[in-house]
$ cat run.txt   # compact mmCIF, C-alpha atoms
# COMPACT_ATOMS: atom_id res chain seq x y z
CA MET R 27 -0.98 15.96 2.58
CA LYS R 28 -2.98 13.16 1.01
CA ILE R 29 -0.88 9.99 0.87
CA LEU R 30 -1.93 6.89 -1.08
CA GLY R 31 -0.46 3.79 0.55
CA ILE R 32 -0.20 0.71 -1.66
CA ASP R 33 0.56 -2.93 -0.86
CA PRO R 34 1.00 -4.42 -4.34
CA GLY R 35 0.05 -7.96 -5.29
CA MET R 36 -1.41 -9.94 -8.15
CA ALA R 37 -4.34 -11.45 -6.22
CA ILE R 38 -4.88 -8.52 -3.85
CA VAL R 39 -3.71 -4.92 -4.00
CA GLY R 40 -4.32 -3.17 -0.70
CA TYR R 41 -4.70 0.60 -0.85
CA SER R 42 -5.49 3.40 1.55
CA LEU R 43 -5.59 7.16 1.51
CA ILE R 44 -4.52 8.98 4.64
CA ASP R 45 -4.42 12.66 5.37
CA PHE R 46 -1.37 13.93 7.24
CA ASP R 47 -1.45 17.46 8.63
CA GLY R 48 2.17 17.47 9.81
CA GLU R 49 1.31 15.89 13.15
CA ASN R 50 -1.72 13.62 12.89
CA CYS R 51 -2.87 10.97 10.45
CA SER R 52 -6.46 10.26 9.56
CA LEU R 53 -7.76 7.52 7.32
CA ILE R 54 -9.85 8.89 4.45
CA SER R 55 -10.43 5.72 2.44
CA SER R 56 -9.17 2.15 2.16
CA GLY R 57 -9.92 -0.97 0.21
CA SER R 58 -8.53 -3.57 -2.12
CA ILE R 59 -8.39 -4.60 -5.74
CA GLN R 60 -8.95 -8.35 -5.96
CA THR R 61 -8.34 -10.33 -9.13
CA LYS R 62 -9.46 -13.86 -9.93
CA LYS R 63 -6.81 -16.56 -9.69
CA GLY R 64 -8.01 -18.49 -12.75
CA GLU R 65 -7.80 -15.49 -15.10
CA ARG R 66 -4.92 -14.87 -17.50
CA GLU R 67 -2.18 -12.76 -15.95
CA SER R 68 -2.63 -10.11 -18.64
CA ALA R 69 -6.36 -9.80 -17.80
CA ARG R 70 -5.57 -9.49 -14.10
CA LEU R 71 -2.98 -6.78 -14.80
CA LEU R 72 -5.48 -4.87 -16.93
CA GLU R 73 -8.00 -5.05 -14.07
CA ILE R 74 -5.39 -3.66 -11.65
CA TYR R 75 -4.52 -0.92 -14.15
CA ASN R 76 -8.16 0.10 -14.66
CA ASP R 77 -9.02 -0.01 -10.97
CA MET R 78 -5.92 1.99 -10.00
CA ASN R 79 -6.89 4.63 -12.56
CA THR R 80 -10.32 4.88 -10.95
CA ILE R 81 -8.84 5.03 -7.44
CA VAL R 82 -6.37 7.77 -8.34
CA GLN R 83 -9.02 9.83 -10.15
CA LYS R 84 -11.45 9.50 -7.25
CA LEU R 85 -9.04 9.97 -4.31
CA GLN R 86 -6.67 12.55 -5.85
CA PRO R 87 -3.55 11.69 -3.79
CA GLU R 88 -0.65 14.12 -3.62
CA VAL R 89 1.97 11.39 -3.19
CA ALA R 90 2.09 7.60 -3.15
CA ALA R 91 3.97 5.26 -0.85
CA ILE R 92 4.33 1.73 -2.21
CA GLU R 93 5.90 -1.40 -0.82
CA LYS R 94 9.23 -2.18 -2.43
CA LEU R 95 9.73 -5.78 -3.50
CA PHE R 96 11.75 -7.73 -1.01
CA PHE R 97 11.30 -11.48 -1.27
CA VAL R 98 13.27 -13.99 0.71
CA HIS R 99 10.82 -16.86 1.06
CA ASN R 100 8.37 -17.27 -1.81
CA GLN R 101 10.28 -16.88 -5.07
CA THR R 102 7.32 -18.07 -7.19
CA THR R 103 5.31 -14.91 -6.46
CA VAL R 104 8.10 -12.45 -7.26
CA MET R 105 7.35 -12.01 -10.96
CA PRO R 106 3.55 -11.61 -10.79
CA VAL R 107 3.88 -9.13 -7.91
CA ALA R 108 6.60 -7.27 -9.83
CA HIS R 109 4.29 -7.05 -12.83
CA ALA R 110 1.40 -5.75 -10.70
CA ARG R 111 3.73 -3.26 -9.04
CA GLY R 112 4.88 -2.05 -12.48
CA VAL R 113 1.30 -1.50 -13.61
CA ILE R 114 0.52 0.43 -10.41
CA MET R 115 3.61 2.59 -10.79
CA THR R 116 2.69 3.28 -14.42
CA VAL R 117 -0.71 4.63 -13.34
CA LEU R 118 0.88 6.80 -10.66
CA GLU R 119 3.40 8.14 -13.18
CA GLN R 120 0.60 8.95 -15.65
CA TYR R 121 -0.90 11.27 -13.06
CA ASN R 122 2.50 12.73 -12.07
CA ILE R 123 2.13 11.47 -8.52
CA PRO R 124 5.49 11.31 -6.72
CA ILE R 125 6.28 7.72 -5.71
CA PHE R 126 8.13 6.72 -2.54
CA GLU R 127 9.17 3.12 -1.93
CA TYR R 128 9.65 1.30 1.36
CA THR R 129 10.64 -2.30 2.11
CA PRO R 130 8.51 -4.29 4.56
CA MET R 131 11.41 -4.26 7.03
CA GLU R 132 11.70 -0.48 6.75
CA VAL R 133 7.95 -0.01 7.37
CA LYS R 134 8.11 -2.25 10.45
CA LYS R 135 11.17 -0.45 11.80
CA VAL R 136 9.65 3.00 11.30
CA LEU R 137 6.33 2.04 12.91
CA THR R 138 7.50 -0.22 15.74
CA GLY R 139 11.22 0.44 16.11
CA PHE R 140 11.95 -3.19 15.16
CA GLY R 141 12.40 -4.31 11.54
CA ARG R 142 11.24 -7.84 12.23
CA ALA R 143 8.09 -6.93 14.14
CA GLY R 144 5.07 -9.17 13.72
CA LYS R 145 1.71 -8.32 12.13
CA LYS R 146 0.06 -7.71 15.50
CA GLU R 147 2.69 -5.15 16.56
CA VAL R 148 2.36 -3.31 13.24
CA GLU R 149 -1.45 -3.36 13.52
CA GLN R 150 -1.24 -1.96 17.04
CA MET R 151 0.98 0.92 15.89
CA VAL R 152 -1.38 1.63 12.98
CA LYS R 153 -4.28 1.81 15.48
CA ILE R 154 -2.29 4.17 17.70
CA SER R 155 -1.27 6.36 14.74
CA LEU R 156 -4.88 6.64 13.55
CA GLN R 157 -6.28 6.88 17.08
CA THR R 158 -8.77 4.08 16.40
CA ASP R 159 -9.71 0.69 17.80
CA THR R 160 -10.76 -0.83 14.49
CA LEU R 161 -8.93 -1.59 11.26
CA PRO R 162 -9.98 -3.05 7.91
CA LYS R 163 -10.20 -6.85 7.87
CA LEU R 164 -7.76 -7.54 5.01
CA ASP R 165 -4.07 -7.66 5.98
CA ASP R 166 -3.18 -6.15 2.60
CA THR R 167 -5.29 -3.08 3.32
CA VAL R 168 -3.82 -2.69 6.82
CA ASP R 169 -0.35 -3.03 5.28
CA SER R 170 -1.16 -0.22 2.84
CA ILE R 171 -2.09 2.01 5.78
CA ALA R 172 1.20 1.12 7.51
CA ILE R 173 3.11 2.00 4.34
CA ALA R 174 1.37 5.39 4.12
CA ILE R 175 2.06 6.09 7.81
CA CYS R 176 5.69 5.10 7.27
CA HIS R 177 5.93 7.84 4.66
CA THR R 178 4.65 10.45 7.13
CA ARG R 179 7.63 9.68 9.35
CA LYS R 180 10.12 9.95 6.50
CA ILE R 181 9.16 13.42 5.25
$ encode --input "run.txt" --output "structure tokens"
Amino acid sequence: MKILGIDPGMAIVGYSLIDFDGENCSLISSGSIQTKKGERESARLLEIYNDMNTIVQKLQPEVAAIEKLFFVHNQTTVMPVAHARGVIMTVLEQYNIPIFEYTPMEVKKVLTGFGRAGKKEVEQMVKISLQTDTLPKLDDTVDSIAIAICHTRKI
């Protein structure tokens, strides 16, 4: 099963495509959509929309796992992230890709057994799941991989 993991954001959208054969995960592709901070929000959303269309057409995922909004600390970023998430979900819906949503706490709990695990613990479990020593540099991309792996353990 080809799973598109997505960590939504306005400045950076992390994405990854993993293949899950029922037992093992392998990373097929990963990257990010990065928008310019000084641009109008509508222009940034259009860029996310267009890039997500390209990603979905190129990678052909069977399902998508996306981070569910769960903000406790930074209330100022809630709306822009919600808008970006809405655009991403619209693209997925256009292609009839089933969408599964997971909170950050849920992803951490599924991967590490502890819902308040730190970044390093999540990264270590992603490495173990993919049987690799290296991960992409951007946290957002690594988070998208973790979200996709989380889905493999929920199906």
$ closest_atom_pairs --input "run.txt" --of "stretch 75-99 of chain R" --to "stretch 49-57 of chain R" --cutoff "12 Å" --atoms "all atoms listed in the file" --output "tab-separated table"
residue	atom	partner	partner_atom	distance
R:Asp77	CA	R:Gly57	CA	11.3
R:Met78	CA	R:Gly57	CA	11.4
R:Ile81	CA	R:Gly57	CA	9.8
R:Val82	CA	R:Ser55	CA	11.7
R:Lys84	CA	R:Ser55	CA	10.5
R:Leu85	CA	R:Ser55	CA	8.1
R:Gln86	CA	R:Ser55	CA	11.4
R:Pro87	CA	R:Ile54	CA	10.7
$ closest_residue --input "run.txt" --among "R:Gly31, R:Ile38, R:Gly112, R:Val117" --to "R:Asp165" --atoms "all atoms listed in the file"
R:Ile38
$ residues_near_point --input "run.txt" --point "(-5.8, -7.6, -5.4)" --cutoff "8 Å" --atoms "all atoms listed in the file" --output "PyMOL selection string"
chain R and resi 34-40+58-61+74
$ closest_residue --input "run.txt" --among "R:Glu127, R:Glu67, R:Asp169, R:Glu147" --to "R:Ala110" --atoms "only C-alpha atoms"
R:Glu67
$ atom_distance --input "run.txt" --atom1 "atom CA of R:Asp47" --atom2 "atom CA of R:Gly144"
27.9 Å
$ residues_around --input "run.txt" --residues "R:Arg179" --least-positions-apart "4" --cutoff "9 Å" --atoms "only C-alpha atoms" --output "ChimeraX atom specification"
/R:136-137,175
$ residues_around --input "run.txt" --residues "R:Val148" --least-positions-apart "3" --cutoff "12 Å" --atoms "all atoms listed in the file" --output "VMD selection string"
chain R and resid 130 to 145 151 to 155 161 165 168 to 173 175 to 176
$ write_last_selection --input "run.txt" --atoms "C-alpha atoms" --output "compact mmCIF listing (two decimals), in the frame of the given file"
# COMPACT_ATOMS: atom_id res chain seq x y z
CA PRO R 130 8.51 -4.29 4.56
CA MET R 131 11.41 -4.26 7.03
CA GLU R 132 11.70 -0.48 6.75
CA VAL R 133 7.95 -0.01 7.37
CA LYS R 134 8.11 -2.25 10.45
CA LYS R 135 11.17 -0.45 11.80
CA VAL R 136 9.65 3.00 11.30
CA LEU R 137 6.33 2.04 12.91
CA THR R 138 7.50 -0.22 15.74
CA GLY R 139 11.22 0.44 16.11
CA PHE R 140 11.95 -3.19 15.16
CA GLY R 141 12.40 -4.31 11.54
CA ARG R 142 11.24 -7.84 12.23
CA ALA R 143 8.09 -6.93 14.14
CA GLY R 144 5.07 -9.17 13.72
CA LYS R 145 1.71 -8.32 12.13
CA MET R 151 0.98 0.92 15.89
CA VAL R 152 -1.38 1.63 12.98
CA LYS R 153 -4.28 1.81 15.48
CA ILE R 154 -2.29 4.17 17.70
CA SER R 155 -1.27 6.36 14.74
CA LEU R 161 -8.93 -1.59 11.26
CA ASP R 165 -4.07 -7.66 5.98
CA VAL R 168 -3.82 -2.69 6.82
CA ASP R 169 -0.35 -3.03 5.28
CA SER R 170 -1.16 -0.22 2.84
CA ILE R 171 -2.09 2.01 5.78
CA ALA R 172 1.20 1.12 7.51
CA ILE R 173 3.11 2.00 4.34
CA ILE R 175 2.06 6.09 7.81
CA CYS R 176 5.69 5.10 7.27
$ decode --input "run.txt" --residues "stretch 67-86 of chain R" --atoms "N, CA and C atoms" --output "CSV table (one decimal), in the first residue's frame"
chain,number,residue,atom,x,y,z
R,67,GLU,N,-1.1,35.4,1.7
R,67,GLU,CA,-1.5,34.1,2.1
R,67,GLU,C,-2.2,33.4,0.9
R,68,SER,N,-3.0,34.1,0.2
R,68,SER,CA,-3.7,33.4,-1.0
R,68,SER,C,-2.7,32.9,-2.0
R,69,ALA,N,-1.7,33.6,-2.3
R,69,ALA,CA,-0.6,33.1,-3.2
R,69,ALA,C,0.1,31.9,-2.7
R,70,ARG,N,0.3,31.9,-1.4
R,70,ARG,CA,1.0,30.8,-0.7
R,70,ARG,C,0.1,29.5,-0.8
R,71,LEU,N,-1.2,29.7,-0.5
R,71,LEU,CA,-2.2,28.6,-0.6
R,71,LEU,C,-2.3,28.1,-2.0
R,72,LEU,N,-2.2,28.9,-3.0
R,72,LEU,CA,-2.3,28.5,-4.4
R,72,LEU,C,-1.0,27.7,-4.7
R,73,GLU,N,0.1,28.1,-4.2
R,73,GLU,CA,1.4,27.3,-4.4
R,73,GLU,C,1.3,25.9,-3.8
R,74,ILE,N,0.7,25.9,-2.6
R,74,ILE,CA,0.5,24.6,-1.9
R,74,ILE,C,-0.4,23.7,-2.7
R,75,TYR,N,-1.5,24.3,-3.2
R,75,TYR,CA,-2.5,23.6,-4.0
R,75,TYR,C,-1.9,23.0,-5.3
R,76,ASN,N,-1.1,23.8,-6.0
R,76,ASN,CA,-0.5,23.4,-7.3
R,76,ASN,C,0.5,22.3,-7.0
R,77,ASP,N,1.4,22.5,-6.0
R,77,ASP,CA,2.4,21.6,-5.7
R,77,ASP,C,1.8,20.2,-5.2
R,78,MET,N,0.8,20.3,-4.4
R,78,MET,CA,0.2,19.0,-4.0
R,78,MET,C,-0.5,18.3,-5.1
R,79,ASN,N,-1.0,19.0,-6.1
R,79,ASN,CA,-1.6,18.4,-7.3
R,79,ASN,C,-0.5,17.6,-8.0
R,80,THR,N,0.7,18.3,-8.2
R,80,THR,CA,1.8,17.6,-8.9
R,80,THR,C,2.3,16.4,-8.1
R,81,ILE,N,2.4,16.5,-6.8
R,81,ILE,CA,2.9,15.4,-6.0
R,81,ILE,C,1.9,14.2,-6.1
R,82,VAL,N,0.7,14.5,-6.0
R,82,VAL,CA,-0.3,13.4,-6.0
R,82,VAL,C,-0.3,12.7,-7.4
R,83,GLN,N,-0.2,13.5,-8.5
R,83,GLN,CA,-0.2,13.0,-9.8
R,83,GLN,C,1.1,12.1,-10.0
R,84,LYS,N,2.2,12.6,-9.5
R,84,LYS,CA,3.5,11.9,-9.7
R,84,LYS,C,3.6,10.6,-8.9
R,85,LEU,N,3.2,10.7,-7.6
R,85,LEU,CA,3.4,9.6,-6.6
R,85,LEU,C,2.3,8.6,-6.6
R,86,GLN,N,1.1,9.0,-7.0
R,86,GLN,CA,-0.1,8.1,-7.1
R,86,GLN,C,-0.3,7.3,-5.7
